[in-house]
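Novice: Pasting coords_29.cif below, which is mmCIF, C-alpha atoms.
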```
data_work
loop_
_atom_site.group_PDB
_atom_site.id
_atom_site.type_symbol
_atom_site.label_atom_id
_atom_site.label_comp_id
_atom_site.auth_asym_id
_atom_site.auth_seq_id
_atom_site.Cartn_x
_atom_site.Cartn_y
_atom_site.Cartn_z
ATOM 1 C CA MET A 1 -49.196 1.084 -41.947
ATOM 2 C CA THR A 2 -46.595 -0.100 -39.522
ATOM 3 C CA ALA A 3 -47.592 -1.623 -36.221
ATOM 4 C CA THR A 4 -45.427 -0.364 -33.400
ATOM 5 C CA VAL A 5 -45.196 -1.751 -29.914
ATOM 6 C CA GLU A 6 -44.932 0.900 -27.281
ATOM 7 C CA THR A 7 -42.978 0.048 -24.162
ATOM 8 C CA GLU A 8 -42.800 2.832 -21.643
ATOM 9 C CA GLU A 9 -39.605 3.271 -19.678
ATOM 10 C CA HIS A 10 -40.857 3.351 -16.153
ATOM 11 C CA PHE A 11 -37.692 3.065 -14.118
ATOM 12 C CA ALA A 12 -38.436 3.685 -10.479
ATOM 13 C CA GLY A 13 -36.298 3.625 -7.368
ATOM 14 C CA SER A 14 -33.436 5.880 -6.391
ATOM 15 C CA ASN A 15 -29.768 5.010 -5.916
ATOM 16 C CA LYS A 16 -30.260 5.684 -2.211
ATOM 17 C CA LEU A 17 -32.946 3.003 -2.104
ATOM 18 C CA PHE A 18 -30.695 0.485 -3.871
ATOM 19 C CA VAL A 19 -27.817 1.170 -1.487
ATOM 20 C CA SER A 20 -30.116 0.680 1.504
ATOM 21 C CA VAL A 21 -31.336 -2.650 0.042
ATOM 22 C CA TRP A 22 -27.694 -3.680 -0.422
ATOM 23 C CA ILE A 23 -26.956 -2.814 3.215
ATOM 24 C CA TRP A 24 -29.938 -4.923 4.331
ATOM 25 C CA LEU A 25 -28.650 -7.810 2.235
ATOM 26 C CA LEU A 26 -25.203 -7.485 3.806
ATOM 27 C CA ALA A 27 -26.726 -7.321 7.289
ATOM 28 C CA LEU A 28 -28.782 -10.476 6.695
ATOM 29 C CA THR A 29 -25.704 -12.247 5.335
ATOM 30 C CA GLY A 30 -23.730 -11.153 8.395
ATOM 31 C CA PHE A 31 -26.514 -12.533 10.596
ATOM 32 C CA GLU A 32 -26.360 -15.858 8.738
ATOM 33 C CA VAL A 33 -22.591 -16.076 9.144
ATOM 34 C CA PHE A 34 -22.956 -15.228 12.849
ATOM 35 C CA LEU A 35 -25.408 -18.135 13.212
ATOM 36 C CA GLY A 36 -22.791 -20.343 11.604
ATOM 37 C CA TYR A 37 -20.249 -19.119 14.135
ATOM 38 C CA VAL A 38 -22.416 -19.800 17.204
ATOM 39 C CA GLN A 39 -23.658 -23.107 15.711
ATOM 40 C CA LEU A 40 -27.253 -23.649 16.730
ATOM 41 C CA PRO A 41 -28.816 -27.133 16.349
ATOM 42 C CA VAL A 42 -29.108 -27.982 12.660
ATOM 43 C CA ILE A 43 -32.927 -27.822 12.544
ATOM 44 C CA TYR A 44 -32.924 -24.254 13.938
ATOM 45 C CA MET A 45 -30.115 -23.333 11.574
ATOM 46 C CA LEU A 46 -32.067 -24.712 8.612
ATOM 47 C CA VAL A 47 -35.282 -22.850 9.456
ATOM 48 C CA ILE A 48 -33.610 -19.510 10.260
ATOM 49 C CA LEU A 49 -31.200 -19.651 7.314
ATOM 50 C CA MET A 50 -33.952 -20.501 4.846
ATOM 51 C CA GLY A 51 -36.120 -17.714 6.288
ATOM 52 C CA ALA A 52 -33.297 -15.198 5.919
ATOM 53 C CA SER A 53 -32.537 -16.442 2.394
ATOM 54 C CA ILE A 54 -36.163 -16.065 1.326
ATOM 55 C CA ILE A 55 -36.168 -12.480 2.653
ATOM 56 C CA LYS A 56 -32.930 -11.779 0.768
ATOM 57 C CA ALA A 57 -34.339 -13.320 -2.416
ATOM 58 C CA ALA A 58 -37.497 -11.218 -2.065
ATOM 59 C CA LEU A 59 -35.419 -8.044 -1.661
ATOM 60 C CA ILE A 60 -33.362 -8.862 -4.755
ATOM 61 C CA VAL A 61 -36.401 -9.715 -6.870
ATOM 62 C CA ALA A 62 -38.459 -6.746 -5.673
ATOM 63 C CA TYR A 63 -35.864 -3.975 -5.873
ATOM 64 C CA PHE A 64 -32.792 -5.072 -7.861
ATOM 65 C CA MET A 65 -34.849 -6.998 -10.419
ATOM 66 C CA HIS A 66 -37.413 -4.230 -10.280
ATOM 67 C CA LEU A 67 -40.419 -6.527 -10.011
ATOM 68 C CA ARG A 68 -42.010 -4.338 -7.359
ATOM 69 C CA PHE A 69 -42.336 -1.590 -9.949
ATOM 70 C CA GLU A 70 -43.713 -3.787 -12.721
ATOM 71 C CA ARG A 71 -47.354 -4.373 -13.551
ATOM 72 C CA LEU A 72 -49.253 -6.642 -11.200
ATOM 73 C CA ASN A 73 -50.068 -8.877 -14.170
ATOM 74 C CA LEU A 74 -46.382 -9.710 -14.614
ATOM 75 C CA VAL A 75 -45.854 -10.345 -10.900
ATOM 76 C CA LEU A 76 -48.867 -12.657 -10.743
ATOM 77 C CA THR A 77 -47.679 -14.536 -13.810
ATOM 78 C CA ILE A 78 -44.174 -15.143 -12.487
ATOM 79 C CA VAL A 79 -44.214 -15.499 -8.708
ATOM 80 C CA PRO A 80 -47.076 -17.929 -7.943
ATOM 81 C CA ALA A 81 -46.053 -20.325 -10.721
ATOM 82 C CA VAL A 82 -42.470 -20.592 -9.442
ATOM 83 C CA VAL A 83 -43.521 -20.868 -5.785
ATOM 84 C CA ILE A 84 -46.086 -23.602 -6.524
ATOM 85 C CA CYS A 85 -43.610 -25.593 -8.643
ATOM 86 C CA ILE A 86 -40.962 -25.404 -5.896
ATOM 87 C CA CYS A 87 -43.530 -26.568 -3.316
ATOM 88 C CA LEU A 88 -44.406 -29.481 -5.599
ATOM 89 C CA LEU A 89 -40.712 -30.396 -5.865
ATOM 90 C CA LEU A 90 -40.560 -30.428 -2.062
ATOM 91 C CA VAL A 91 -43.167 -33.208 -1.982
ATOM 92 C CA PHE A 92 -40.333 -35.702 -2.424
ATOM 93 C CA PHE A 93 -38.316 -34.474 0.530
ATOM 94 C CA PRO A 94 -40.006 -36.386 3.410
ATOM 95 C CA ASP A 95 -39.076 -39.628 1.637
ATOM 96 C CA SER A 96 -35.465 -38.906 2.626
ATOM 97 C CA PHE A 97 -36.331 -39.814 6.240
ATOM 98 C CA ARG A 98 -37.621 -43.216 5.078
ATOM 99 C CA ALA A 99 -34.488 -43.687 2.991
ATOM 100 C CA ARG A 100 -32.379 -42.921 6.058
ATOM 101 C CA GLN A 101 -34.104 -45.757 7.946
ATOM 102 C CA LEU A 102 -33.165 -48.149 5.135
ATOM 103 C CA ARG A 103 -29.446 -47.536 5.607
ATOM 104 C CA TYR A 104 -27.377 -50.549 6.592
ATOM 105 C CA SER A 105 -26.015 -49.937 10.050
ATOM 106 C CA GLY A 106 -24.007 -53.071 10.713
ATOM 107 C CA PRO A 107 -25.076 -56.577 11.721
ATOM 108 C CA PRO A 108 -27.872 -56.869 14.285
ATOM 109 C CA ALA A 109 -26.789 -57.569 17.830
ATOM 110 C CA ALA A 110 -26.504 -61.365 18.368
ATOM 111 C CA GLU A 111 -29.244 -62.838 20.530
ATOM 112 C CA GLU A 112 -28.008 -64.412 23.682
ATOM 113 C CA ASN A 113 -28.700 -68.154 23.817
ATOM 114 C CA HIS A 114 -28.688 -69.727 27.198
ATOM 115 C CA MET B 1 -57.578 5.851 -3.713
ATOM 116 C CA ALA B 2 -59.856 6.025 -6.738
ATOM 117 C CA ALA B 3 -56.812 6.511 -8.939
ATOM 118 C CA GLU B 4 -55.171 3.386 -7.459
ATOM 119 C CA ALA B 5 -58.338 1.359 -8.012
ATOM 120 C CA GLN B 6 -58.498 2.597 -11.563
ATOM 121 C CA ALA B 7 -54.835 1.678 -12.140
ATOM 122 C CA LEU B 8 -55.441 -1.800 -10.715
ATOM 123 C CA ALA B 9 -58.499 -2.253 -12.907
ATOM 124 C CA GLY B 10 -56.377 -1.133 -15.840
ATOM 125 C CA ASP B 11 -53.749 -3.744 -14.992
ATOM 126 C CA TRP B 12 -56.329 -6.507 -14.762
ATOM 127 C CA GLY B 13 -57.922 -5.322 -17.943
ATOM 128 C CA GLY B 14 -54.793 -6.451 -19.784
ATOM 129 C CA GLY B 15 -55.418 -4.753 -23.070
ATOM 130 C CA VAL B 16 -52.899 -4.974 -25.887
ATOM 131 C CA HIS B 17 -49.812 -4.959 -23.608
ATOM 132 C CA PRO B 18 -50.841 -6.816 -20.449
ATOM 133 C CA TYR B 19 -47.308 -6.913 -19.006
ATOM 134 C CA ARG B 20 -46.047 -3.546 -20.285
ATOM 135 C CA VAL B 21 -42.614 -5.049 -20.976
ATOM 136 C CA GLY B 22 -40.847 -5.780 -24.246
ATOM 137 C CA HIS B 23 -40.509 -9.292 -25.616
ATOM 138 C CA ARG B 24 -36.820 -9.517 -24.608
ATOM 139 C CA LYS B 25 -37.547 -8.732 -21.002
ATOM 140 C CA LEU B 26 -40.484 -11.126 -20.895
ATOM 141 C CA GLY B 27 -38.264 -13.796 -22.468
ATOM 142 C CA MET B 28 -35.605 -13.255 -19.795
ATOM 143 C CA TRP B 29 -38.226 -13.541 -17.048
ATOM 144 C CA LEU B 30 -39.427 -16.836 -18.534
ATOM 145 C CA PHE B 31 -35.821 -18.073 -18.714
ATOM 146 C CA ILE B 32 -35.298 -17.053 -15.081
ATOM 147 C CA MET B 33 -38.447 -18.954 -14.094
ATOM 148 C CA SER B 34 -37.170 -22.133 -15.736
ATOM 149 C CA ASP B 35 -33.632 -21.708 -14.401
ATOM 150 C CA SER B 36 -34.899 -21.108 -10.878
ATOM 151 C CA LEU B 37 -36.685 -24.457 -11.087
ATOM 152 C CA THR B 38 -33.459 -26.112 -12.255
ATOM 153 C CA PHE B 39 -31.563 -24.798 -9.229
ATOM 154 C CA SER B 40 -34.493 -25.583 -6.932
ATOM 155 C CA ALA B 41 -34.508 -29.185 -8.130
ATOM 156 C CA LEU B 42 -30.738 -29.432 -7.573
ATOM 157 C CA LEU B 43 -30.912 -27.943 -4.078
ATOM 158 C CA ILE B 44 -33.886 -30.101 -3.072
ATOM 159 C CA GLY B 45 -32.070 -33.155 -4.460
ATOM 160 C CA TYR B 46 -29.055 -32.148 -2.385
ATOM 161 C CA ALA B 47 -31.254 -31.786 0.721
ATOM 162 C CA TYR B 48 -32.748 -35.229 0.035
ATOM 163 C CA VAL B 49 -29.370 -36.932 -0.261
ATOM 164 C CA ARG B 50 -28.099 -35.092 2.756
ATOM 165 C CA ALA B 51 -31.068 -35.946 5.005
ATOM 166 C CA SER B 52 -30.974 -39.615 4.041
ATOM 167 C CA ASN B 53 -27.271 -40.134 4.729
ATOM 168 C CA VAL B 54 -24.502 -39.467 7.204
ATOM 169 C CA TRP B 55 -23.182 -36.163 5.884
ATOM 170 C CA PRO B 56 -19.712 -34.717 6.437
ATOM 171 C CA THR B 57 -19.548 -31.183 7.843
ATOM 172 C CA PRO B 58 -15.997 -30.252 6.880
ATOM 173 C CA PHE B 59 -15.991 -26.449 6.488
ATOM 174 C CA LYS B 60 -14.097 -24.777 9.312
ATOM 175 C CA PHE B 61 -15.229 -21.245 10.162
ATOM 176 C CA TYR B 62 -11.776 -20.016 9.316
ATOM 177 C CA PRO B 63 -10.762 -20.138 6.511
ATOM 178 C CA SER B 64 -13.644 -21.830 4.620
ATOM 179 C CA ILE B 65 -16.670 -19.853 5.863
ATOM 180 C CA VAL B 66 -14.806 -16.539 6.009
ATOM 181 C CA PHE B 67 -13.600 -17.152 2.447
ATOM 182 C CA SER B 68 -17.073 -18.008 1.138
ATOM 183 C CA SER B 69 -18.483 -14.978 2.995
ATOM 184 C CA VAL B 70 -16.042 -12.769 1.080
ATOM 185 C CA MET B 71 -17.288 -14.417 -2.134
ATOM 186 C CA THR B 72 -20.856 -13.558 -1.074
ATOM 187 C CA LEU B 73 -19.828 -9.961 -0.400
ATOM 188 C CA VAL B 74 -18.275 -9.731 -3.868
ATOM 189 C CA LEU B 75 -21.405 -11.089 -5.537
ATOM 190 C CA LEU B 76 -23.752 -8.846 -3.542
ATOM 191 C CA SER B 77 -21.609 -5.840 -4.417
ATOM 192 C CA SER B 78 -21.742 -6.811 -8.085
ATOM 193 C CA SER B 79 -25.543 -6.684 -7.867
ATOM 194 C CA LEU B 80 -25.329 -3.148 -6.510
ATOM 195 C CA THR B 81 -23.025 -2.046 -9.333
ATOM 196 C CA MET B 82 -25.382 -3.697 -11.849
ATOM 197 C CA VAL B 83 -28.406 -1.849 -10.525
ATOM 198 C CA MET B 84 -26.365 1.361 -10.726
ATOM 199 C CA ALA B 85 -25.665 0.540 -14.387
ATOM 200 C CA VAL B 86 -29.371 0.077 -15.097
ATOM 201 C CA SER B 87 -30.169 3.294 -13.242
ATOM 202 C CA ALA B 88 -27.546 5.221 -15.243
ATOM 203 C CA SER B 89 -28.875 3.750 -18.473
ATOM 204 C CA ALA B 90 -32.446 4.724 -17.552
ATOM 205 C CA HIS B 91 -31.264 8.313 -17.147
ATOM 206 C CA GLY B 92 -29.571 8.207 -20.550
ATOM 207 C CA LYS B 93 -26.014 8.134 -19.139
ATOM 208 C CA LYS B 94 -24.638 5.403 -21.378
ATOM 209 C CA SER B 95 -20.952 6.037 -20.563
ATOM 210 C CA ALA B 96 -21.603 5.759 -16.840
ATOM 211 C CA ALA B 97 -23.667 2.641 -17.487
ATOM 212 C CA ARG B 98 -20.738 1.097 -19.354
ATOM 213 C CA LYS B 99 -18.370 1.761 -16.433
ATOM 214 C CA TRP B 100 -20.776 0.191 -13.942
ATOM 215 C CA ILE B 101 -21.318 -2.829 -16.197
ATOM 216 C CA ILE B 102 -17.560 -3.382 -16.571
ATOM 217 C CA LEU B 103 -17.141 -3.093 -12.803
ATOM 218 C CA THR B 104 -19.920 -5.671 -12.354
ATOM 219 C CA ALA B 105 -18.245 -8.085 -14.764
ATOM 220 C CA LEU B 106 -14.907 -7.616 -12.982
ATOM 221 C CA LEU B 107 -16.529 -8.408 -9.641
ATOM 222 C CA GLY B 108 -18.024 -11.499 -11.279
ATOM 223 C CA ALA B 109 -14.563 -12.488 -12.505
ATOM 224 C CA THR B 110 -13.236 -11.965 -8.961
ATOM 225 C CA PHE B 111 -15.916 -14.323 -7.681
ATOM 226 C CA ILE B 112 -14.849 -16.965 -10.213
ATOM 227 C CA ILE B 113 -11.185 -16.613 -9.205
ATOM 228 C CA LEU B 114 -12.028 -16.937 -5.498
ATOM 229 C CA HIS B 115 -14.244 -19.926 -6.193
ATOM 230 C CA SER B 116 -11.521 -21.572 -8.276
ATOM 231 C CA ILE B 117 -9.059 -21.134 -5.405
ATOM 232 C CA GLU B 118 -11.511 -22.855 -3.098
ATOM 233 C CA TRP B 119 -12.143 -25.711 -5.530
ATOM 234 C CA ASN B 120 -8.401 -26.164 -5.946
ATOM 235 C CA HIS B 121 -7.976 -26.329 -2.182
ATOM 236 C CA LEU B 122 -10.703 -28.990 -1.817
ATOM 237 C CA LEU B 123 -9.361 -31.012 -4.736
ATOM 238 C CA GLY B 124 -5.932 -30.807 -3.103
ATOM 239 C CA GLU B 125 -7.408 -32.233 0.090
ATOM 240 C CA GLY B 126 -8.573 -35.226 -1.937
ATOM 241 C CA LEU B 127 -12.258 -34.416 -2.468
ATOM 242 C CA LYS B 128 -13.551 -35.900 -5.720
ATOM 243 C CA PRO B 129 -17.080 -36.046 -7.153
ATOM 244 C CA PHE B 130 -17.653 -39.584 -5.866
ATOM 245 C CA GLN B 131 -14.951 -39.933 -3.231
ATOM 246 C CA LEU B 132 -14.276 -38.282 0.099
ATOM 247 C CA PRO B 133 -10.791 -37.482 1.367
ATOM 248 C CA GLN B 134 -9.488 -40.243 3.631
ATOM 249 C CA GLU B 135 -9.410 -37.885 6.604
ATOM 250 C CA TRP B 136 -13.109 -37.003 6.168
ATOM 251 C CA ALA B 137 -14.111 -40.664 5.759
ATOM 252 C CA GLU B 138 -12.407 -41.448 9.077
ATOM 253 C CA ARG B 139 -13.859 -38.400 10.825
ATOM 254 C CA TRP B 140 -17.436 -39.190 9.653
ATOM 255 C CA PRO B 141 -17.602 -43.005 9.367
ATOM 256 C CA GLY B 142 -20.282 -44.295 7.000
ATOM 257 C CA SER B 143 -20.729 -40.917 5.361
ATOM 258 C CA THR B 144 -21.833 -40.804 1.749
ATOM 259 C CA PRO B 145 -19.255 -40.120 -0.971
ATOM 260 C CA LEU B 146 -21.852 -37.976 -2.771
ATOM 261 C CA PHE B 147 -20.680 -34.840 -0.931
ATOM 262 C CA GLY B 148 -18.281 -34.014 -3.768
ATOM 263 C CA ALA B 149 -20.876 -34.701 -6.484
ATOM 264 C CA THR B 150 -23.423 -32.346 -4.947
ATOM 265 C CA PHE B 151 -20.834 -29.699 -4.040
ATOM 266 C CA PHE B 152 -19.112 -29.587 -7.422
ATOM 267 C CA GLY B 153 -22.405 -30.036 -9.302
ATOM 268 C CA ILE B 154 -24.288 -27.173 -7.672
ATOM 269 C CA THR B 155 -21.446 -24.708 -7.224
ATOM 270 C CA GLY B 156 -20.107 -25.644 -10.677
ATOM 271 C CA LEU B 157 -23.422 -24.898 -12.381
ATOM 272 C CA HIS B 158 -23.624 -21.618 -10.487
ATOM 273 C CA MET B 159 -20.061 -20.735 -11.460
ATOM 274 C CA PHE B 160 -20.923 -21.519 -15.088
ATOM 275 C CA HIS B 161 -23.794 -19.017 -14.822
ATOM 276 C CA VAL B 162 -21.425 -16.399 -13.400
ATOM 277 C CA PHE B 163 -18.946 -17.109 -16.207
ATOM 278 C CA THR B 164 -21.565 -16.751 -18.967
ATOM 279 C CA GLY B 165 -22.892 -13.666 -17.157
ATOM 280 C CA CYS B 166 -19.441 -12.060 -17.271
ATOM 281 C CA ILE B 167 -19.161 -12.682 -21.010
ATOM 282 C CA TYR B 168 -22.710 -11.361 -21.516
ATOM 283 C CA LEU B 169 -21.893 -8.205 -19.542
ATOM 284 C CA PHE B 170 -18.651 -7.553 -21.421
ATOM 285 C CA VAL B 171 -20.569 -7.844 -24.723
ATOM 286 C CA VAL B 172 -23.266 -5.487 -23.417
ATOM 287 C CA ALA B 173 -20.591 -3.035 -22.217
ATOM 288 C CA ALA B 174 -18.936 -3.080 -25.634
ATOM 289 C CA ARG B 175 -22.244 -2.397 -27.432
ATOM 290 C CA VAL B 176 -23.883 -0.184 -24.816
ATOM 291 C CA LYS B 177 -24.234 2.840 -27.096
ATOM 292 C CA LYS B 178 -26.144 0.819 -29.709
ATOM 293 C CA LEU B 179 -28.372 -1.002 -27.257
ATOM 294 C CA LYS B 180 -31.719 0.159 -25.884
ATOM 295 C CA HIS B 181 -32.270 0.710 -22.194
ATOM 296 C CA GLU B 182 -34.337 -2.454 -21.983
ATOM 297 C CA ASP B 183 -31.376 -4.524 -23.225
ATOM 298 C CA ILE B 184 -29.286 -3.247 -20.311
ATOM 299 C CA GLU B 185 -32.155 -4.020 -17.959
ATOM 300 C CA VAL B 186 -32.421 -7.577 -19.317
ATOM 301 C CA SER B 187 -28.715 -8.214 -18.714
ATOM 302 C CA GLY B 188 -29.250 -6.871 -15.189
ATOM 303 C CA LEU B 189 -32.098 -9.321 -14.613
ATOM 304 C CA TYR B 190 -29.812 -12.216 -15.504
ATOM 305 C CA TRP B 191 -27.043 -10.969 -13.242
ATOM 306 C CA HIS B 192 -29.332 -10.434 -10.253
ATOM 307 C CA PHE B 193 -30.718 -13.924 -10.733
ATOM 308 C CA VAL B 194 -27.189 -15.348 -10.475
ATOM 309 C CA ASP B 195 -26.798 -13.407 -7.231
ATOM 310 C CA LEU B 196 -30.185 -14.645 -5.994
ATOM 311 C CA VAL B 197 -29.234 -18.293 -6.526
ATOM 312 C CA TRP B 198 -26.088 -17.808 -4.441
ATOM 313 C CA MET B 199 -28.281 -16.541 -1.570
ATOM 314 C CA PHE B 200 -29.533 -20.138 -1.273
ATOM 315 C CA VAL B 201 -26.351 -21.993 -2.247
ATOM 316 C CA PHE B 202 -24.232 -20.215 0.380
ATOM 317 C CA PRO B 203 -26.295 -21.187 3.461
ATOM 318 C CA MET B 204 -27.263 -24.650 2.226
ATOM 319 C CA ILE B 205 -23.863 -25.809 1.016
ATOM 320 C CA TYR B 206 -21.521 -23.884 3.312
ATOM 321 C CA LEU B 207 -23.217 -22.657 6.481
ATOM 322 C CA LEU B 208 -25.014 -25.948 7.107
ATOM 323 C CA SER B 209 -21.743 -27.857 6.680
ATOM 324 C CA ILE B 210 -19.685 -26.039 9.289
ATOM 325 C CA TYR B 211 -17.165 -28.165 11.148
ATOM 326 C CA PRO B 212 -18.628 -28.775 14.622
ATOM 327 C CA LYS B 213 -17.104 -27.053 17.619
ATOM 328 C CA LYS B 214 -15.490 -29.369 20.144
#
```
Can you give me the file's structure in the form of structure tokens?

Specialist:
Amino acid sequence: MTATVETEEHFAGSNKLFVSVWIWLLALTGFEVFLGYVQLPVIYMLVILMGASIIKAALIVAYFMHLRFERLNLVLTIVPAVVICICLLLVFFPDSFRARQLRYSGPPAAEENH
Amino acid sequence: MAAEAQALAGDWGGGVHPYRVGHRKLGMWLFIMSDSLTFSALLIGYAYVRASNVWPTPFKFYPSIVFSSVMTLVLLSSSLTMVMAVSASAHGKKSAARKWIILTALLGATFIILHSIEWNHLLGEGLKPFQLPQEWAERWPGSTPLFGATFFGITGLHMFHVFTGCIYLFVVAARVKKLKHEDIEVSGLYWHFVDLVWMFVFPMIYLLSIYPKK
């Protein structure tokens, strides 16, 4: 008796849907480039650009990588693990502000002796 | 509603095939998980070095940002052609799938050529992994020489992924008739991941390093 593994082909999503996702991705990229052109303060740029990038990544994963049409089990195995690990990596980031304070910025101003 | 609840209960039930995907596809998803952490670590490391140092912002809107935007357009378009290939394969149109896959690989090759032109330009300006061009060092006094290391490291690793992706796609295109639909889908997953990574590299490396307006 031969054990066979059945994997159903469950391709969902039309070409029209994929083209519309592509147009959204282009529009978000155009928005990002526009922000670069007008040059907002770097903190605003960082927040808005990362927000737009996360939306773009979600669109790619959900529709192009088809995760939206997969079983919930697979989604819950993949997405939370990656998100939590990335958040844990970010724990180190605030230390960069301390490191910036440690930078040598020339000799201290000489005290005036009267 | 009851049908949805039943389907959800079925999903949670797991059973013999809890993910309803083949082992190749599951393997690719696990690879993508690990690779996404590699790129995350690199980008967070880049952000750390950048925030703790004086950082040059050398990319002028024209030509650098316009050029990298064209590269982004090429890569996004390659994702569309790849999803068309997977769609064609799902409908049993293997010849159409092959054409879309070849087009995807060619767009990937275009991306590599454009990126190489940009690297060549920056190397010509005097940017090295651990040394800034003299002009940049004077423009941003005290800036870290690690700009080149992070730039070439991150974009180089991404370009390597695009390069291996192109080879992978050409092999898949050559063997498309013998392969199952899931094999085409797996190659698509890899290619979309390469595109996804660029969605973070482009704003972090390029758009946040735009030469300031006067």

Novice: I'd like to know which of B:Lys177, B:Arg24, B:Arg98, B:Arg50 is closest to chain A, using only C-alpha atoms.

Specialist: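 Going through B:Lys177, B:Arg24, B:Arg98, B:Arg50 one by one, the smallest distance to chain A is for B:Arg50.
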
Novice: Give me the result of the PyMOL selection byres ((chain A and resi 75) around 12) on this file, residue by residue, as JSON, numbers by chain.

Specialist: {"A": [61, 62, 65, 66, 67, 68, 69, 70, 71, 72, 73, 74, 76, 77, 78, 79, 80, 81, 82, 83], "B": [11, 12, 18, 19, 20, 21, 26, 29, 30, 33]}

Novice: Give the residues of chain B that lie within 7 Å of chain A; count all atoms listed in the file, and format the answer as number ranges by chain.

Specialist: B: 11-12, 18-22, 33, 37, 40-41, 44, 48, 51-53, 61, 80, 83-84, 90, 189, 192, 196, 199-200, 203, 207, 210

Novice: Which residue is closest to Gly156 (chain B)? Choose from B:Glu118, B:Glu125, B:Glu182, B:Glu135 and count all atoms listed in the file.

Specialist: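 Smallest distance to Gly156 (chain B) is found for B:Glu118.
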
Novice: Hey, can I get the axis-aligned box for region 35-46 of chain A? All listed atoms, 6 Å padding on each side, centre and edge lengths in Å to one decimal, as lines of an AutoDock Vina configuration file.

Specialist:
```
center_x = -26.6
center_y = -23.1
center_z = 12.9
size_x = 24.7
size_y = 21.8
size_z = 20.6
```

Novice: Taking the point (-23.0, -13.4, -14.8) as given in the file, collect each protein or nucleic acid residue that comes within 8 Å of it, counting only C-alpha atoms, and present the set as number ranges by chain.

Specialist: B: 105, 108, 161-169, 190-191, 194

Novice: For CA of Lys94 (chain B) and CA of Val176 (chain B), quote the distance in Å rounded to one decimal.

Specialist: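 Spanning CA of Lys94 (chain B) to CA of Val176 (chain B) is a straight-line distance of 6.6 Å.
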
Novice: Pick out the closest residue to Phe160 (chain B) from this set: B:Val172, B:Ala109, B:Ala97, B:Met82. Count only C-alpha atoms.

Specialist: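 Result for the nearest residue to Phe160 (chain B): B:Ala109.
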
Novice: Using the chain letters and numbers from the file, give me the residues hit by the PyMOL selection byres ((chain B and resi 127) around 12), as a count of residues only.

Specialist: 29

Novice: Please compute the CA of His115 (chain B)-CA of Ile154 (chain B) distance, one decimal, in Å.

Specialist: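 Computed distance, CA of His115 (chain B) to CA of Ile154 (chain B), equals 12.5 Å.
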
Novice: Could you please determine the separation between CA of Phe39 (chain B) and CA of Leu40 (chain A) in Å, to one decimal place?

Specialist: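 Between CA of Phe39 (chain B) and CA of Leu40 (chain A) the gap works out to 26.3 Å.
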
Novice: Skip region 63-79 of chain B itself and residues of its chain fewer than 6 positions away, then list as a ChimeraX atom specification all residues within 7 Å of it, counting only C-alpha atoms.

Specialist: /B:104,107-108,111,114,192,195,206
